[in-house]
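J.: Structure provided below as structure tokens; questions to follow.
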Amino acid sequence: MPIYTALQAADPDVYNALMGEMQRQREGVELIASENYISCAVLETMGTVFNNKYSEGYPSKRYYGGQQFTDIVESLAIERAKKLFKAGHANVQPHAGAPANIATYFALMEPGDTIMGMDLSHGGHLTHGHPVTYITKIFKFVRYKMKDVETGEIDYDEMREIARREKPKVLMGGFSAYPRELNYAKMQAIAKEVGAVSIMDMAHIAGLIAGGALRNPFDDGFDLCLTTTHKTLRGPRGGMILTREEELGKKIDKQVFPGFQGGPIMQMVAAKAVAFGEAMKPEFKVYAHQIIKNAKHMAQYFMDHGVKLITNGTDNHMMLIDCITSWNMSGKEVEHLFDSIGITLNKNMIADDPRKPMDPSGVRLGTPAITTRGMKEPEMEKLAGFMLKAIEIRADETALRKLHEEVKEFCLRYPVPGIDK
Ligand SMILES: Cc1ncc(COP(=O)(O)O)c(C=O)c1O
């Protein structure tokens, strides 16, 4: 375990909370589809004196002096990101995924303009126009959906029809709860027909694309891809915007800074460079492919045991379980039950869910973090087995406590980067 002696001496309260969190991560199973464990090298870089530097602007074009070394790390992050995703331009300064989305919207649209994205209950993300977000007061959002929730196929005919009617400035792909692949070529053709900019919010699948396990939207002509850097890509918390053409990239740069953000968080930019370097290695390709193999294997195991998965399987790292149909329990109840045995996932709406977001019909789970811990197909069966057992014995608190001990013992066999190694 790393030793945090200065923190322990200076602030025992924060130190103790950190120790608790480290123990929780070691002893538990992380199945939240958007989470991962970063490497020691990325973790170290995040805690460095790059934090102390203000670097408003971009490499060689800064507003303050003293940028010899910040320029090096930001340029490395940019060049590696471009290479990794075959992009013409990269902006690595967005503080997180949501600011990357918002800066992109402002770079491409005027207030009142229309953007077309995936229906939220069919998998789209809050930043794609959930009514609780401020961005919906500025832009008009229209939606496309799945044609068939049994296969997850998007209704591309309807997408085209809506696009022709609504004339969106932006046609957006991307999701936080959709287990299938989008047909980028079909979307690109629709965007071209109506004169929209094509964007893929690949936050969830960036690591899978970087590792060559899923298709790269740029290969089908997409104009722009944006992402978080901390999910499957296994980097520091942050965002990034990539464009095919340099011209569009310049617009994005202006909008990120000074349009939307102030100074970049330089230790995170440096850590992005390190993470992108890791993602370029052959081991990362193996990792990305294993994430999907693990998800498919777990999905099949669940389905073989009578569990109803939305779209009946997965093409990426995530699964959505219909808990009402499978076990006559709500997503909230299932989340709570699995929490009690040290397995963490999240309640989630399913397509056209009649229930409320805080107590929906489903749960979402994913394999990026457990794959980082070195788990493979046999472990997927073991974990799914723990979950099915918990459902079976849910009324028996003593049996659940015993199962929790078994889960802990199992987890401790799989080291967590940044904690155990
Ligand atoms: C598709 C998608 N876009 C954007 C975001 C927002 O990212 P952040 O939480 O870093 O702001 C997320 C986060 O879950 C996401 O899944």
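Ordering of the structure tokens sets the chain letters (A, B, ...); residue numbers start at 1 within each chain; ligands are numbered from 1 in the order shown.
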Please run DSSP on the backbone and report, as a list in words, all residues within stretch 179-218 of chain A that come out as alpha helix (DSSP H).

T.: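 So the alpha helix (DSSP H) residues in stretch 179-218 of chain A would be Tyr184, Ala185, Lys186, Met187, Gln188, Ala189, Ile190, Ala191, Lys192, Glu193, Val194, Ala206, Gly207, Leu208, Ile209 and Ala210 of chain A.
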
J.: Restricted to N, CA and C atoms, what would the selected residues look like written as a JSON list (two decimals), in the first residue's frame?

T.:
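Result written to result_24.json:
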```
[["chain", "number", "residue", "atom", "x", "y", "z"],
["A", 184, "TYR", "N", -22.15, 4.08, -37.29],
["A", 184, "TYR", "CA", -21.64, 5.43, -37.57],
["A", 184, "TYR", "C", -21.81, 5.81, -39.03],
["A", 185, "ALA", "N", -21.67, 4.84, -39.93],
["A", 185, "ALA", "CA", -21.76, 5.15, -41.36],
["A", 185, "ALA", "C", -23.17, 5.67, -41.68],
["A", 186, "LYS", "N", -24.20, 5.00, -41.10],
["A", 186, "LYS", "CA", -25.58, 5.46, -41.36],
["A", 186, "LYS", "C", -25.79, 6.85, -40.76],
["A", 187, "MET", "N", -25.27, 7.06, -39.55],
["A", 187, "MET", "CA", -25.45, 8.38, -38.91],
["A", 187, "MET", "C", -24.74, 9.47, -39.70],
["A", 188, "GLN", "N", -23.55, 9.15, -40.17],
["A", 188, "GLN", "CA", -22.77, 10.13, -40.93],
["A", 188, "GLN", "C", -23.51, 10.51, -42.21],
["A", 189, "ALA", "N", -24.13, 9.52, -42.87],
["A", 189, "ALA", "CA", -24.86, 9.81, -44.11],
["A", 189, "ALA", "C", -26.04, 10.75, -43.81],
["A", 190, "ILE", "N", -26.72, 10.52, -42.68],
["A", 190, "ILE", "CA", -27.86, 11.38, -42.31],
["A", 190, "ILE", "C", -27.36, 12.80, -41.99],
["A", 191, "ALA", "N", -26.27, 12.87, -41.21],
["A", 191, "ALA", "CA", -25.70, 14.19, -40.86],
["A", 191, "ALA", "C", -25.35, 14.96, -42.13],
["A", 192, "LYS", "N", -24.74, 14.27, -43.06],
["A", 192, "LYS", "CA", -24.31, 14.92, -44.31],
["A", 192, "LYS", "C", -25.53, 15.42, -45.09],
["A", 193, "GLU", "N", -26.56, 14.57, -45.14],
["A", 193, "GLU", "CA", -27.76, 14.93, -45.90],
["A", 193, "GLU", "C", -28.41, 16.21, -45.38],
["A", 194, "VAL", "N", -28.42, 16.38, -44.04],
["A", 194, "VAL", "CA", -29.12, 17.55, -43.48],
["A", 194, "VAL", "C", -28.15, 18.67, -43.10],
["A", 206, "ALA", "N", -14.31, 5.02, -25.06],
["A", 206, "ALA", "CA", -13.06, 5.55, -25.64],
["A", 206, "ALA", "C", -11.92, 4.54, -25.53],
["A", 207, "GLY", "N", -11.82, 3.86, -24.40],
["A", 207, "GLY", "CA", -10.73, 2.89, -24.22],
["A", 207, "GLY", "C", -10.90, 1.71, -25.16],
["A", 208, "LEU", "N", -12.14, 1.36, -25.44],
["A", 208, "LEU", "CA", -12.40, 0.21, -26.33],
["A", 208, "LEU", "C", -12.04, 0.58, -27.77],
["A", 209, "ILE", "N", -12.29, 1.85, -28.11],
["A", 209, "ILE", "CA", -11.91, 2.33, -29.45],
["A", 209, "ILE", "C", -10.39, 2.46, -29.53],
["A", 210, "ALA", "N", -9.79, 3.05, -28.51],
["A", 210, "ALA", "CA", -8.32, 3.22, -28.51],
["A", 210, "ALA", "C", -7.63, 1.87, -28.62]]
```

J.: Hey, what's within 10 Å of stretch 49-58 of chain A if we count only C-alpha atoms and toss same-chain stuff fewer than 4 positions away? As a ChimeraX atom specification, please?

T.: /A:45,62-67,69-71,73-75,91-93,253-254,256-258,261-271

J.: Write down as a compact mmCIF listing (two decimals) with N, CA and C atoms, in the first residue's frame the residues belonging to stretch 114-202 of chain A that are assigned strand (DSSP E) by DSSP computed on the backbone.

T.:
```txt
# COMPACT_ATOMS: atom_id res chain seq x y z
N THR A 114 -30.78 23.56 -32.84
CA THR A 114 -31.26 22.21 -32.48
C THR A 114 -30.14 21.18 -32.53
N ILE A 115 -30.17 20.28 -31.57
CA ILE A 115 -29.21 19.17 -31.52
C ILE A 115 -30.00 17.87 -31.37
N MET A 116 -29.57 16.88 -32.10
CA MET A 116 -30.30 15.61 -32.07
C MET A 116 -29.44 14.55 -31.40
N GLY A 117 -29.99 13.92 -30.35
CA GLY A 117 -29.22 12.92 -29.61
C GLY A 117 -30.10 11.74 -29.22
N MET A 118 -29.49 10.76 -28.57
CA MET A 118 -30.22 9.55 -28.20
C MET A 118 -31.19 9.84 -27.05
N LYS A 140 -32.26 23.49 -28.35
CA LYS A 140 -33.42 22.59 -28.46
C LYS A 140 -32.91 21.18 -28.74
N PHE A 141 -33.37 20.22 -27.97
CA PHE A 141 -32.93 18.84 -28.15
C PHE A 141 -34.06 18.01 -28.76
N VAL A 142 -33.74 17.26 -29.79
CA VAL A 142 -34.69 16.28 -30.34
C VAL A 142 -34.04 14.90 -30.25
N ARG A 143 -34.86 13.85 -30.31
CA ARG A 143 -34.40 12.51 -29.91
C ARG A 143 -34.57 11.44 -30.96
N TYR A 144 -33.65 10.51 -30.97
CA TYR A 144 -33.89 9.25 -31.67
C TYR A 144 -33.86 8.13 -30.65
N MET A 146 -34.22 3.47 -29.94
CA MET A 146 -34.06 2.12 -30.49
C MET A 146 -35.35 1.76 -31.25
N LYS A 147 -35.17 0.99 -32.33
CA LYS A 147 -36.35 0.48 -33.05
C LYS A 147 -36.91 -0.72 -32.29
N ASP A 148 -35.97 -1.50 -31.77
CA ASP A 148 -36.36 -2.75 -31.14
C ASP A 148 -35.50 -2.95 -29.89
N GLU A 153 -31.27 -2.32 -31.82
CA GLU A 153 -31.01 -1.60 -33.07
C GLU A 153 -31.69 -0.23 -33.06
N ILE A 154 -30.92 0.77 -33.43
CA ILE A 154 -31.46 2.14 -33.49
C ILE A 154 -32.38 2.25 -34.71
N VAL A 170 -26.43 19.73 -35.07
CA VAL A 170 -25.54 18.67 -34.60
C VAL A 170 -26.31 17.35 -34.53
N LEU A 171 -25.72 16.30 -35.06
CA LEU A 171 -26.26 14.95 -34.86
C LEU A 171 -25.27 14.21 -33.97
N MET A 172 -25.79 13.78 -32.81
CA MET A 172 -24.88 13.28 -31.80
C MET A 172 -25.11 11.80 -31.50
N GLY A 173 -24.02 11.04 -31.51
CA GLY A 173 -24.07 9.67 -31.00
C GLY A 173 -23.49 9.68 -29.60
N GLY A 174 -23.67 8.58 -28.90
CA GLY A 174 -23.07 8.50 -27.56
C GLY A 174 -24.10 8.21 -26.51
N VAL A 197 -23.29 18.73 -38.13
CA VAL A 197 -21.97 18.24 -37.70
C VAL A 197 -22.19 16.93 -36.96
N SER A 198 -21.40 15.91 -37.28
CA SER A 198 -21.56 14.61 -36.60
C SER A 198 -20.60 14.53 -35.41
N ILE A 199 -21.18 14.21 -34.26
CA ILE A 199 -20.37 14.12 -33.03
C ILE A 199 -20.61 12.78 -32.38
N MET A 200 -19.55 12.18 -31.88
CA MET A 200 -19.70 10.99 -31.05
C MET A 200 -19.19 11.31 -29.65
N ASP A 201 -20.07 11.21 -28.66
CA ASP A 201 -19.63 11.29 -27.26
C ASP A 201 -19.24 9.86 -26.87
```

J.: Identify, counting only C-alpha atoms and all ligand atoms, the protein, DNA and RNA residues located within 7 Å of ligand 1, and give them as a ChimeraX atom specification.

T.: /A:34,96-99,101,124-125,127,174-176,201-204,227-228,237-239

J.: Select, from A:Arg244, A:Ile252, A:Gly385, A:Ser330, the residue with the minimum atom-to-atom distance to A:Phe302, counting only C-alpha atoms.

T.: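 Looking at the shortest contact to A:Phe302, the residue is A:Gly385.
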
J.: What is the atom CA of A:Gly331 to atom CA of A:Asp352 distance in Å?

T.: 14.6 Å

J.: Considering only C-alpha atoms, can you say which of A:Arg180, A:Lys293, A:Lys86, A:Lys408 comes closest to A:Glu27?

T.: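 Using only C-alpha atoms, A:Glu27 sits closest to A:Lys408.
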